[in-house]
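S.K.: Dropping in query.cif, which is mmCIF, C-alpha atoms and all ligand atoms:
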data_start
loop_
_atom_site.group_PDB
_atom_site.id
_atom_site.type_symbol
_atom_site.label_atom_id
_atom_site.label_comp_id
_atom_site.auth_asym_id
_atom_site.auth_seq_id
_atom_site.Cartn_x
_atom_site.Cartn_y
_atom_site.Cartn_z
ATOM 1 C CA MET X 26 41.890 5.257 24.633
ATOM 2 C CA THR X 27 40.086 7.318 22.043
ATOM 3 C CA THR X 28 37.925 5.732 19.378
ATOM 4 C CA LYS X 29 39.481 5.617 15.945
ATOM 5 C CA PRO X 30 37.863 8.429 13.959
ATOM 6 C CA LEU X 31 36.377 6.385 11.164
ATOM 7 C CA ASN X 32 33.888 8.843 9.802
ATOM 8 C CA HIS X 33 35.910 10.436 7.006
ATOM 9 C CA SER X 34 37.326 7.157 5.764
ATOM 10 C CA LEU X 35 34.051 5.225 5.788
ATOM 11 C CA PHE X 36 33.138 6.143 2.216
ATOM 12 C CA ARG X 37 35.620 5.856 -0.633
ATOM 13 C CA ARG X 38 34.929 7.865 -3.741
ATOM 14 C CA TYR X 39 35.084 5.908 -6.973
ATOM 15 C CA SER X 40 38.192 6.925 -8.929
ATOM 16 C CA GLY X 41 36.137 7.322 -12.116
ATOM 17 C CA ASN X 42 33.879 10.028 -10.633
ATOM 18 C CA PRO X 43 31.749 11.557 -11.910
ATOM 19 C CA ILE X 44 30.230 8.390 -13.333
ATOM 20 C CA LEU X 45 27.571 10.250 -15.324
ATOM 21 C CA ALA X 46 27.755 13.732 -16.802
ATOM 22 C CA PRO X 47 25.633 15.779 -19.229
ATOM 23 C CA GLY X 48 28.170 15.260 -22.046
ATOM 24 C CA GLN X 49 27.411 11.519 -22.030
ATOM 25 C CA TRP X 50 23.709 12.078 -22.564
ATOM 26 C CA PRO X 51 22.185 10.984 -25.872
ATOM 27 C CA TYR X 52 20.241 14.260 -26.086
ATOM 28 C CA PRO X 53 20.898 17.837 -24.899
ATOM 29 C CA ALA X 54 20.923 18.113 -21.112
ATOM 30 C CA ASN X 55 22.126 20.824 -18.760
ATOM 31 C CA ALA X 56 22.612 18.516 -15.775
ATOM 32 C CA VAL X 57 22.219 14.845 -14.822
ATOM 33 C CA PHE X 58 22.117 14.258 -11.057
ATOM 34 C CA ASN X 59 20.335 12.982 -7.902
ATOM 35 C CA PRO X 60 19.486 9.485 -9.227
ATOM 36 C CA GLY X 61 17.359 6.774 -7.658
ATOM 37 C CA ALA X 62 19.035 3.347 -7.743
ATOM 38 C CA ALA X 63 17.834 -0.249 -7.985
ATOM 39 C CA LEU X 64 19.220 -3.662 -8.787
ATOM 40 C CA VAL X 65 17.064 -5.170 -11.536
ATOM 41 C CA ASP X 66 17.909 -8.726 -12.650
ATOM 42 C CA GLY X 67 21.467 -8.223 -11.423
ATOM 43 C CA GLU X 68 21.912 -5.003 -13.358
ATOM 44 C CA THR X 69 22.209 -1.549 -11.791
ATOM 45 C CA VAL X 70 19.453 0.817 -12.872
ATOM 46 C CA LEU X 71 19.793 4.500 -12.110
ATOM 47 C CA LEU X 72 16.754 6.671 -12.657
ATOM 48 C CA VAL X 73 18.536 9.949 -13.209
ATOM 49 C CA ARG X 74 17.152 13.448 -12.816
ATOM 50 C CA VAL X 75 17.872 15.276 -16.056
ATOM 51 C CA GLU X 76 17.530 19.033 -16.229
ATOM 52 C CA ASP X 77 16.794 20.220 -19.725
ATOM 53 C CA MET X 78 17.866 23.504 -21.291
ATOM 54 C CA ARG X 79 14.665 25.206 -20.118
ATOM 55 C CA GLY X 80 15.492 24.420 -16.485
ATOM 56 C CA PHE X 81 12.812 21.719 -16.068
ATOM 57 C CA SER X 82 13.614 18.169 -15.032
ATOM 58 C CA HIS X 83 12.490 14.715 -16.106
ATOM 59 C CA LEU X 84 13.764 11.206 -15.277
ATOM 60 C CA THR X 85 15.823 8.942 -17.529
ATOM 61 C CA VAL X 86 17.133 5.419 -16.985
ATOM 62 C CA ALA X 87 20.848 4.551 -17.188
ATOM 63 C CA ARG X 88 21.873 0.890 -16.880
ATOM 64 C CA SER X 89 25.214 -0.743 -16.100
ATOM 65 C CA ALA X 90 26.302 -4.315 -15.392
ATOM 66 C CA ASP X 91 28.794 -3.329 -12.676
ATOM 67 C CA GLY X 92 27.174 -0.130 -11.404
ATOM 68 C CA ARG X 93 30.306 1.836 -12.280
ATOM 69 C CA THR X 94 31.049 1.760 -15.990
ATOM 70 C CA ASN X 95 29.573 1.296 -19.469
ATOM 71 C CA TRP X 96 26.305 3.053 -18.764
ATOM 72 C CA ARG X 97 23.572 2.633 -21.359
ATOM 73 C CA VAL X 98 21.273 5.610 -21.259
ATOM 74 C CA ASP X 99 17.731 5.513 -22.649
ATOM 75 C CA PRO X 100 17.759 7.478 -25.933
ATOM 76 C CA ALA X 101 14.835 9.669 -24.835
ATOM 77 C CA PRO X 102 13.296 10.727 -21.482
ATOM 78 C CA THR X 103 11.920 7.704 -19.590
ATOM 79 C CA LEU X 104 9.454 9.482 -17.294
ATOM 80 C CA GLN X 105 8.253 12.949 -18.199
ATOM 81 C CA PRO X 106 5.741 15.329 -16.619
ATOM 82 C CA GLU X 107 2.258 14.447 -17.791
ATOM 83 C CA ALA X 108 0.752 17.045 -20.074
ATOM 84 C CA ASN X 109 -1.812 19.284 -18.387
ATOM 85 C CA VAL X 110 -1.182 17.820 -14.926
ATOM 86 C CA ARG X 111 -0.812 20.858 -12.686
ATOM 87 C CA GLU X 112 1.149 18.947 -10.036
ATOM 88 C CA GLU X 113 3.912 18.185 -12.551
ATOM 89 C CA ARG X 114 3.969 21.473 -14.369
ATOM 90 C CA TRP X 115 7.555 22.380 -13.531
ATOM 91 C CA GLY X 116 9.043 18.925 -13.834
ATOM 92 C CA LEU X 117 9.967 15.705 -12.024
ATOM 93 C CA GLU X 118 12.957 15.542 -9.670
ATOM 94 C CA ASP X 119 15.029 13.451 -7.249
ATOM 95 C CA PRO X 120 13.496 9.935 -7.398
ATOM 96 C CA ARG X 121 14.006 7.321 -4.680
ATOM 97 C CA ILE X 122 13.390 3.634 -5.396
ATOM 98 C CA VAL X 123 12.492 0.648 -3.227
ATOM 99 C CA ARG X 124 11.285 -2.820 -4.154
ATOM 100 C CA LEU X 125 8.005 -3.463 -2.349
ATOM 101 C CA GLU X 126 8.179 -6.907 -0.778
ATOM 102 C CA ASP X 127 4.411 -7.477 -0.731
ATOM 103 C CA ARG X 128 4.013 -6.965 -4.466
ATOM 104 C CA ASP X 129 6.119 -7.440 -7.534
ATOM 105 C CA ASP X 130 6.780 -3.712 -7.964
ATOM 106 C CA TYR X 131 9.425 -1.079 -7.574
ATOM 107 C CA ALA X 132 8.033 2.038 -5.917
ATOM 108 C CA VAL X 133 9.437 5.290 -7.273
ATOM 109 C CA THR X 134 8.760 8.293 -5.040
ATOM 110 C CA TYR X 135 9.745 11.475 -6.819
ATOM 111 C CA VAL X 136 9.289 15.189 -6.475
ATOM 112 C CA SER X 137 6.720 16.656 -8.820
ATOM 113 C CA PHE X 138 7.078 20.366 -9.091
ATOM 114 C CA SER X 139 3.726 22.136 -9.107
ATOM 115 C CA SER X 140 3.246 25.861 -9.444
ATOM 116 C CA SER X 141 2.454 25.799 -5.698
ATOM 117 C CA GLY X 142 5.786 24.172 -4.905
ATOM 118 C CA PRO X 143 7.323 20.697 -4.744
ATOM 119 C CA LEU X 144 5.309 17.679 -3.615
ATOM 120 C CA VAL X 145 5.813 13.926 -3.460
ATOM 121 C CA SER X 146 4.329 11.580 -6.064
ATOM 122 C CA LEU X 147 4.433 7.825 -6.505
ATOM 123 C CA ALA X 148 4.801 5.636 -9.574
ATOM 124 C CA LEU X 149 5.059 1.838 -9.635
ATOM 125 C CA THR X 150 7.044 -0.122 -12.179
ATOM 126 C CA LYS X 151 8.224 -3.662 -12.765
ATOM 127 C CA ASP X 152 10.800 -2.984 -15.463
ATOM 128 C CA PHE X 153 11.602 0.768 -15.583
ATOM 129 C CA VAL X 154 10.049 0.854 -19.029
ATOM 130 C CA THR X 155 6.370 1.264 -18.192
ATOM 131 C CA PHE X 156 5.145 3.064 -15.094
ATOM 132 C CA ASP X 157 1.813 3.053 -13.286
ATOM 133 C CA ARG X 158 1.429 6.586 -11.953
ATOM 134 C CA ILE X 159 -0.362 6.594 -8.611
ATOM 135 C CA GLY X 160 -0.062 10.390 -8.258
ATOM 136 C CA PRO X 161 0.583 12.799 -5.379
ATOM 137 C CA LEU X 162 0.967 11.362 -1.871
ATOM 138 C CA VAL X 163 1.380 14.571 0.111
ATOM 139 C CA PRO X 164 0.775 18.234 -0.795
ATOM 140 C CA PRO X 165 3.442 20.968 -1.180
ATOM 141 C CA GLU X 166 5.934 21.832 0.070
ATOM 142 C CA ASP X 167 7.358 18.378 0.536
ATOM 143 C CA LYS X 168 10.204 16.352 -1.035
ATOM 144 C CA ASP X 169 12.983 13.813 -0.344
ATOM 145 C CA ALA X 170 10.601 10.888 0.143
ATOM 146 C CA SER X 171 10.877 7.125 0.151
ATOM 147 C CA LEU X 172 8.681 4.221 1.147
ATOM 148 C CA PHE X 173 10.030 1.375 3.256
ATOM 149 C CA PRO X 174 10.219 -1.894 1.299
ATOM 150 C CA ARG X 175 7.783 -3.555 3.680
ATOM 151 C CA GLN X 176 4.769 -2.765 5.844
ATOM 152 C CA PHE X 177 4.747 -2.373 9.622
ATOM 153 C CA GLY X 178 1.602 -3.447 11.472
ATOM 154 C CA GLY X 179 -0.304 -3.560 8.185
ATOM 155 C CA ARG X 180 0.674 -0.026 7.181
ATOM 156 C CA TYR X 181 2.983 1.347 4.517
ATOM 157 C CA VAL X 182 5.488 3.834 5.873
ATOM 158 C CA LEU X 183 6.765 6.956 4.124
ATOM 159 C CA ILE X 184 9.754 9.082 5.024
ATOM 160 C CA HIS X 185 9.464 12.608 3.656
ATOM 161 C CA ARG X 186 10.527 16.170 4.238
ATOM 162 C CA PRO X 187 7.931 18.933 4.507
ATOM 163 C CA ILE X 188 9.272 22.476 4.468
ATOM 164 C CA ILE X 189 7.871 24.547 7.286
ATOM 165 C CA ARG X 190 8.735 28.241 7.616
ATOM 166 C CA GLY X 191 11.785 27.701 5.426
ATOM 167 C CA GLU X 192 13.293 25.031 7.673
ATOM 168 C CA ALA X 193 12.941 21.316 7.191
ATOM 169 C CA ASP X 194 12.994 18.215 9.409
ATOM 170 C CA VAL X 195 12.552 14.630 8.239
ATOM 171 C CA TRP X 196 9.039 13.258 8.952
ATOM 172 C CA ILE X 197 7.489 9.802 8.891
ATOM 173 C CA SER X 198 3.859 8.989 7.978
ATOM 174 C CA PHE X 199 1.700 5.890 7.663
ATOM 175 C CA SER X 200 -0.908 4.555 5.233
ATOM 176 C CA PRO X 201 -3.108 1.452 4.932
ATOM 177 C CA ASP X 202 -3.297 1.692 1.138
ATOM 178 C CA LEU X 203 -0.502 3.940 -0.255
ATOM 179 C CA ARG X 204 -3.089 6.691 -0.824
ATOM 180 C CA HIS X 205 -4.274 7.961 2.557
ATOM 181 C CA TRP X 206 -1.479 9.188 4.803
ATOM 182 C CA GLY X 207 -1.603 10.118 8.484
ATOM 183 C CA ASP X 208 -0.156 9.606 11.980
ATOM 184 C CA HIS X 209 2.562 12.100 10.955
ATOM 185 C CA ARG X 210 5.605 12.418 13.212
ATOM 186 C CA VAL X 211 8.974 14.157 13.144
ATOM 187 C CA LEU X 212 11.665 11.523 12.665
ATOM 188 C CA LEU X 213 14.940 13.412 12.369
ATOM 189 C CA PRO X 214 15.025 17.109 13.297
ATOM 190 C CA VAL X 215 17.614 19.690 12.309
ATOM 191 C CA ARG X 216 20.298 20.355 14.922
ATOM 192 C CA PRO X 217 20.671 24.099 15.518
ATOM 193 C CA GLY X 218 24.329 25.101 15.434
ATOM 194 C CA TRP X 219 25.496 21.818 13.843
ATOM 195 C CA TRP X 220 26.530 20.948 10.296
ATOM 196 C CA ASP X 221 22.919 19.871 9.681
ATOM 197 C CA SER X 222 21.350 22.943 11.287
ATOM 198 C CA HIS X 223 19.377 24.412 8.391
ATOM 199 C CA ARG X 224 17.682 21.478 6.699
ATOM 200 C CA VAL X 225 17.813 17.701 6.792
ATOM 201 C CA GLY X 226 16.272 15.359 4.256
ATOM 202 C CA LEU X 227 16.339 11.734 3.265
ATOM 203 C CA GLY X 228 19.192 10.645 1.074
ATOM 204 C CA ALA X 229 18.918 7.046 -0.037
ATOM 205 C CA PRO X 230 15.877 4.903 0.845
ATOM 206 C CA PRO X 231 16.095 3.046 4.176
ATOM 207 C CA ILE X 232 18.344 -0.027 4.002
ATOM 208 C CA GLU X 233 17.646 -3.033 6.217
ATOM 209 C CA THR X 234 20.581 -4.249 8.345
ATOM 210 C CA PRO X 235 20.638 -6.682 11.275
ATOM 211 C CA GLU X 236 20.948 -3.691 13.615
ATOM 212 C CA GLY X 237 18.192 -1.525 12.212
ATOM 213 C CA TRP X 238 17.253 0.509 9.166
ATOM 214 C CA LEU X 239 20.198 2.522 7.903
ATOM 215 C CA LEU X 240 19.285 6.044 6.853
ATOM 216 C CA VAL X 241 21.718 7.967 4.726
ATOM 217 C CA TYR X 242 20.540 11.560 4.925
ATOM 218 C CA HIS X 243 21.643 15.000 3.785
ATOM 219 C CA GLY X 244 22.176 17.902 6.123
ATOM 220 C CA VAL X 245 22.474 21.532 5.116
ATOM 221 C CA ARG X 246 24.325 24.387 6.713
ATOM 222 C CA MET X 247 24.010 27.978 5.518
ATOM 223 C CA THR X 248 27.270 29.861 5.126
ATOM 224 C CA ALA X 249 28.355 33.269 3.833
ATOM 225 C CA SER X 250 28.866 31.699 0.400
ATOM 226 C CA GLY X 251 25.730 29.565 0.254
ATOM 227 C CA SER X 252 24.561 26.168 1.477
ATOM 228 C CA ILE X 253 26.812 23.155 2.067
ATOM 229 C CA TYR X 254 25.097 19.795 1.503
ATOM 230 C CA ARG X 255 26.744 16.936 3.400
ATOM 231 C CA VAL X 256 25.882 13.344 4.225
ATOM 232 C CA GLY X 257 25.031 11.903 7.659
ATOM 233 C CA LEU X 258 23.871 8.534 8.982
ATOM 234 C CA ALA X 259 21.147 7.346 11.324
ATOM 235 C CA LEU X 260 19.912 3.956 12.448
ATOM 236 C CA LEU X 261 16.181 3.350 12.957
ATOM 237 C CA ASP X 262 14.659 0.567 15.015
ATOM 238 C CA LEU X 263 14.093 -2.543 12.884
ATOM 239 C CA GLU X 264 10.508 -3.193 14.029
ATOM 240 C CA GLU X 265 9.492 0.341 15.004
ATOM 241 C CA PRO X 266 11.244 2.514 12.410
ATOM 242 C CA TRP X 267 9.695 5.688 13.815
ATOM 243 C CA ARG X 268 12.275 5.354 16.640
ATOM 244 C CA VAL X 269 15.766 6.693 15.890
ATOM 245 C CA ARG X 270 18.348 4.548 17.684
ATOM 246 C CA ARG X 271 21.591 6.262 16.639
ATOM 247 C CA ARG X 272 22.581 9.351 14.702
ATOM 248 C CA SER X 273 26.063 10.297 13.596
ATOM 249 C CA ASP X 274 27.415 13.403 15.276
ATOM 250 C CA GLU X 275 29.559 14.096 12.232
ATOM 251 C CA TRP X 276 28.980 14.070 8.534
ATOM 252 C CA VAL X 277 30.533 11.107 6.739
ATOM 253 C CA LEU X 278 30.818 12.586 3.242
ATOM 254 C CA GLY X 279 30.863 16.175 2.065
ATOM 255 C CA PRO X 280 32.107 18.295 -0.818
ATOM 256 C CA ARG X 281 35.910 17.980 -0.882
ATOM 257 C CA LYS X 282 37.034 17.045 -4.370
ATOM 258 C CA PRO X 283 37.435 19.765 -6.992
ATOM 259 C CA TYR X 284 34.663 18.137 -9.061
ATOM 260 C CA GLU X 285 32.296 18.561 -6.090
ATOM 261 C CA GLN X 286 32.824 22.313 -6.322
ATOM 262 C CA LEU X 287 32.175 22.363 -10.049
ATOM 263 C CA GLY X 288 28.698 22.769 -11.434
ATOM 264 C CA ASP X 289 25.472 24.728 -11.158
ATOM 265 C CA VAL X 290 25.397 24.502 -7.350
ATOM 266 C CA PRO X 291 28.964 24.023 -6.020
ATOM 267 C CA GLY X 292 29.357 22.396 -2.623
ATOM 268 C CA VAL X 293 26.551 19.863 -2.924
ATOM 269 C CA THR X 294 26.903 16.143 -2.252
ATOM 270 C CA PHE X 295 23.330 14.846 -2.415
ATOM 271 C CA PRO X 296 22.862 11.093 -1.791
ATOM 272 C CA SER X 297 19.741 9.695 -3.419
ATOM 273 C CA GLY X 298 20.275 6.014 -4.244
ATOM 274 C CA ALA X 299 22.050 3.069 -2.668
ATOM 275 C CA ILE X 300 22.638 -0.566 -3.504
ATOM 276 C CA TYR X 301 23.849 -3.087 -0.960
ATOM 277 C CA ILE X 302 25.666 -6.199 -2.173
ATOM 278 C CA PRO X 303 25.535 -8.732 0.714
ATOM 279 C CA GLU X 304 28.119 -11.071 -0.895
ATOM 280 C CA THR X 305 30.847 -8.413 -0.684
ATOM 281 C CA ASP X 306 29.334 -6.321 2.136
ATOM 282 C CA GLU X 307 29.628 -3.333 -0.202
ATOM 283 C CA LEU X 308 27.268 -0.401 0.049
ATOM 284 C CA ARG X 309 27.275 1.643 -3.147
ATOM 285 C CA LEU X 310 26.042 5.171 -2.611
ATOM 286 C CA TYR X 311 25.039 7.213 -5.650
ATOM 287 C CA TYR X 312 24.982 10.939 -5.126
ATOM 288 C CA GLY X 313 24.321 14.094 -7.048
ATOM 289 C CA ILE X 314 27.392 16.293 -7.422
ATOM 290 C CA ALA X 315 26.911 20.058 -7.461
ATOM 291 C CA ASP X 316 23.480 19.595 -9.096
ATOM 292 C CA THR X 317 25.305 18.705 -12.322
ATOM 293 C CA THR X 318 26.711 15.149 -12.363
ATOM 294 C CA VAL X 319 26.431 11.766 -10.620
ATOM 295 C CA GLY X 320 29.062 10.341 -8.271
ATOM 296 C CA LEU X 321 29.629 6.998 -6.584
ATOM 297 C CA ALA X 322 31.102 6.338 -3.146
ATOM 298 C CA THR X 323 31.371 2.915 -1.543
ATOM 299 C CA ALA X 324 31.669 1.672 2.032
ATOM 300 C CA ASP X 325 31.690 -1.647 3.860
ATOM 301 C CA MET X 326 28.417 -2.094 5.697
ATOM 302 C CA SER X 327 30.249 -3.674 8.647
ATOM 303 C CA ASP X 328 32.365 -0.495 8.993
ATOM 304 C CA ILE X 329 29.228 1.646 8.889
ATOM 305 C CA LEU X 330 27.584 -0.388 11.637
ATOM 306 C CA ASP X 331 30.825 -0.370 13.701
ATOM 307 C CA TYR X 332 30.957 3.387 13.338
ATOM 308 C CA LEU X 333 27.301 3.876 14.276
ATOM 309 C CA ARG X 334 27.857 1.828 17.429
ATOM 310 C CA THR X 335 30.274 4.582 18.562
ATOM 311 C CA GLN X 336 27.666 7.275 17.997
ATOM 312 C CA PRO X 337 25.185 8.586 20.571
ATOM 313 C CA GLU X 338 22.022 6.623 21.291
ATOM 314 C CA CYS X 339 18.894 8.634 20.611
ATOM 315 C CA SER X 340 16.127 6.949 22.557
HETATM 316 C C1 LIG X 401 17.513 20.610 -2.681
HETATM 317 C C2 LIG X 401 16.873 19.912 -3.867
HETATM 318 C C3 LIG X 401 17.889 19.070 -4.598
HETATM 319 C C4 LIG X 401 19.165 19.834 -4.862
HETATM 320 C C5 LIG X 401 19.657 20.512 -3.588
HETATM 321 C C6 LIG X 401 20.914 21.343 -3.784
HETATM 322 O O1 LIG X 401 16.610 21.491 -2.095
HETATM 323 O O2 LIG X 401 16.319 20.847 -4.729
HETATM 324 O O3 LIG X 401 17.320 18.669 -5.820
HETATM 325 O O4 LIG X 401 20.141 18.924 -5.302
HETATM 326 O O5 LIG X 401 18.641 21.340 -3.089
HETATM 327 O O6 LIG X 401 20.702 22.411 -4.682
#
Could you show the structure in this file as structure tokens?
Ligand code: BMA
M.R.:
Amino acid sequence: MTTKPLNHSLFRRYSGNPILAPGQWPYPANAVFNPGAALVDGETVLLVRVEDMRGFSHLTVARSADGRTNWRVDPAPTLQPEANVREERWGLEDPRIVRLEDRDDYAVTYVSFSSSGPLVSLALTKDFVTFDRIGPLVPPEDKDASLFPRQFGGRYVLIHRPIIRGEADVWISFSPDLRHWGDHRVLLPVRPGWWDSHRVGLGAPPIETPEGWLLVYHGVRMTASGSIYRVGLALLDLEEPWRVRRRSDEWVLGPRKPYEQLGDVPGVTFPSGAIYIPETDELRLYYGIADTTVGLATADMSDILDYLRTQPECS
């Protein structure tokens, strides 16, 4: 008997996609995409990357009671590049958000674009109104980073994606204090020949499940007409998250709908935020569409874990 191929039915796109688009913005914007996501006092907060009409990005908060509709967007940019800070000269991009369990803070890891390339910076916030900017964590070129919500063996853990000779694997690093990072290791490498052969990078921050940390990642393949950005899954060990337990052979979401081919970079589905609702077992995945709008796809966590159990063990 063959296993039921669940992968392409795991995630269901929300019928109202895209949920956020530049036309809804309270001020001129070229694109609104790749948001970080958090549940704050029961309300969904998306910290959205907004590309202005110069081509530089900043981050702006959009809030919704149900995470789908009636978004209230801050009337002006929420987090902007700091004036005269070289590391942020060309903007702020692609935030990921986790709530740190050992302190009453949300950690926002975002890409600051320096003239030497992209790097990862950290800001802490309690309310998404005021932010304490900790600054760069790792030098360029590096992006697609998130902390884990808790420490392991007294160390904070960062997933990130350095770019080395044009190719990019996902790495994991450790810190006693959120400032000094070391013990760097490759976590998830590209797979030559596969759909994720060119680059892989973190999608949403790691999500704790009874079976391990769920990683939703993006994988890139180069084609004659450009890159295709698709979504894959991996499961990391619960206590030793530097060990990958399972990795999906196949992608579970990729550009298919006409709106996913429409925008500045057609053919991009770029997951960046997720919210898990234990009461309904629903995983809400927020993803950038074609570097222009924001989409939502949902899945049952139990289906995801069932599916991952059918996928190859890694170590
Ligand atoms: C990546 C990042 C993302 C972007 C994606 C597709 O390298 O720059 O911000 O969404 O490419 O263009």
S.K.: Name the residues captured by the PyMOL selection byres (((not hetatm)) within 7 of (chain X and resi 401)) when it is applied to the shown file; answer as a short mmCIF file (atom, residue, chain, number, x, y, z; two decimals) with C-alpha atoms, in the coordinates of the input.
M.R.:
data_model
loop_
_atom_site.label_atom_id
_atom_site.label_comp_id
_atom_site.auth_asym_id
_atom_site.auth_seq_id
_atom_site.Cartn_x
_atom_site.Cartn_y
_atom_site.Cartn_z
CA ASN X 59 20.34 12.98 -7.90
CA GLU X 118 12.96 15.54 -9.67
CA ASP X 119 15.03 13.45 -7.25
CA TYR X 254 25.10 19.80 1.50
CA VAL X 290 25.40 24.50 -7.35
CA VAL X 293 26.55 19.86 -2.92
CA PHE X 295 23.33 14.85 -2.42
CA GLY X 313 24.32 14.09 -7.05
CA ASP X 316 23.48 19.60 -9.10
#
S.K.: Report the distance between atom CA of Val145 of chain X and atom CA of Arg270 of chain X in Å, rounded to one decimal place.
M.R.: 26.3 Å
S.K.: Quick one: of X:Ile197, X:Val154, X:Ala132, X:Ala259, who's nearest to Ala62 of chain X, counting only C-alpha atoms?
M.R.: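 Going through X:Ile197, X:Val154, X:Ala132, X:Ala259 one by one, the smallest distance to Ala62 of chain X is for X:Ala132.
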S.K.: Would you mind listing what lies within 10 Å of Val215 of chain X as a count of residues only, with all atoms listed in the file counted and same-chain residues fewer than 6 positions away left out?
M.R.: 13
S.K.: Measuring between only C-alpha atoms, which one of X:Leu240, X:Ala315, X:Ile184, X:Val75 shows the shortest distance to Lys282 of chain X?
M.R.: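 Of the candidates, the smallest distance to Lys282 of chain X is held by X:Ala315.
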S.K.: So which one's closest to Asp129 of chain X, X:Thr318, X:Thr103, X:Ser297, X:Thr150? Using all atoms listed in the file, please.
M.R.: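 Using all atoms listed in the file, the shortest distance to Asp129 of chain X belongs to X:Thr150.
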S.K.: For each of X:Leu212, X:Leu203, X:Ala229, X:Leu149, take the minimum atom-to-atom distance to Ala170 of chain X, counting all atoms listed in the file, then give the residue where this is smallest.
M.R.: X:Ala229
S.K.: May I ask for the distance between atom CA of His209 of chain X and atom CA of Ile253 of chain X, given in Å to one decimal place?
M.R.: 28.1 Å
S.K.: Which polymer residues, protein or nucleic acid, are no farther than 12 Å from (17.0, 4.0, -25.4), counting all atoms listed in the file, as an NGL selection string?
M.R.: :X and (50-52 or 85-88 or 96-103 or 153-154)
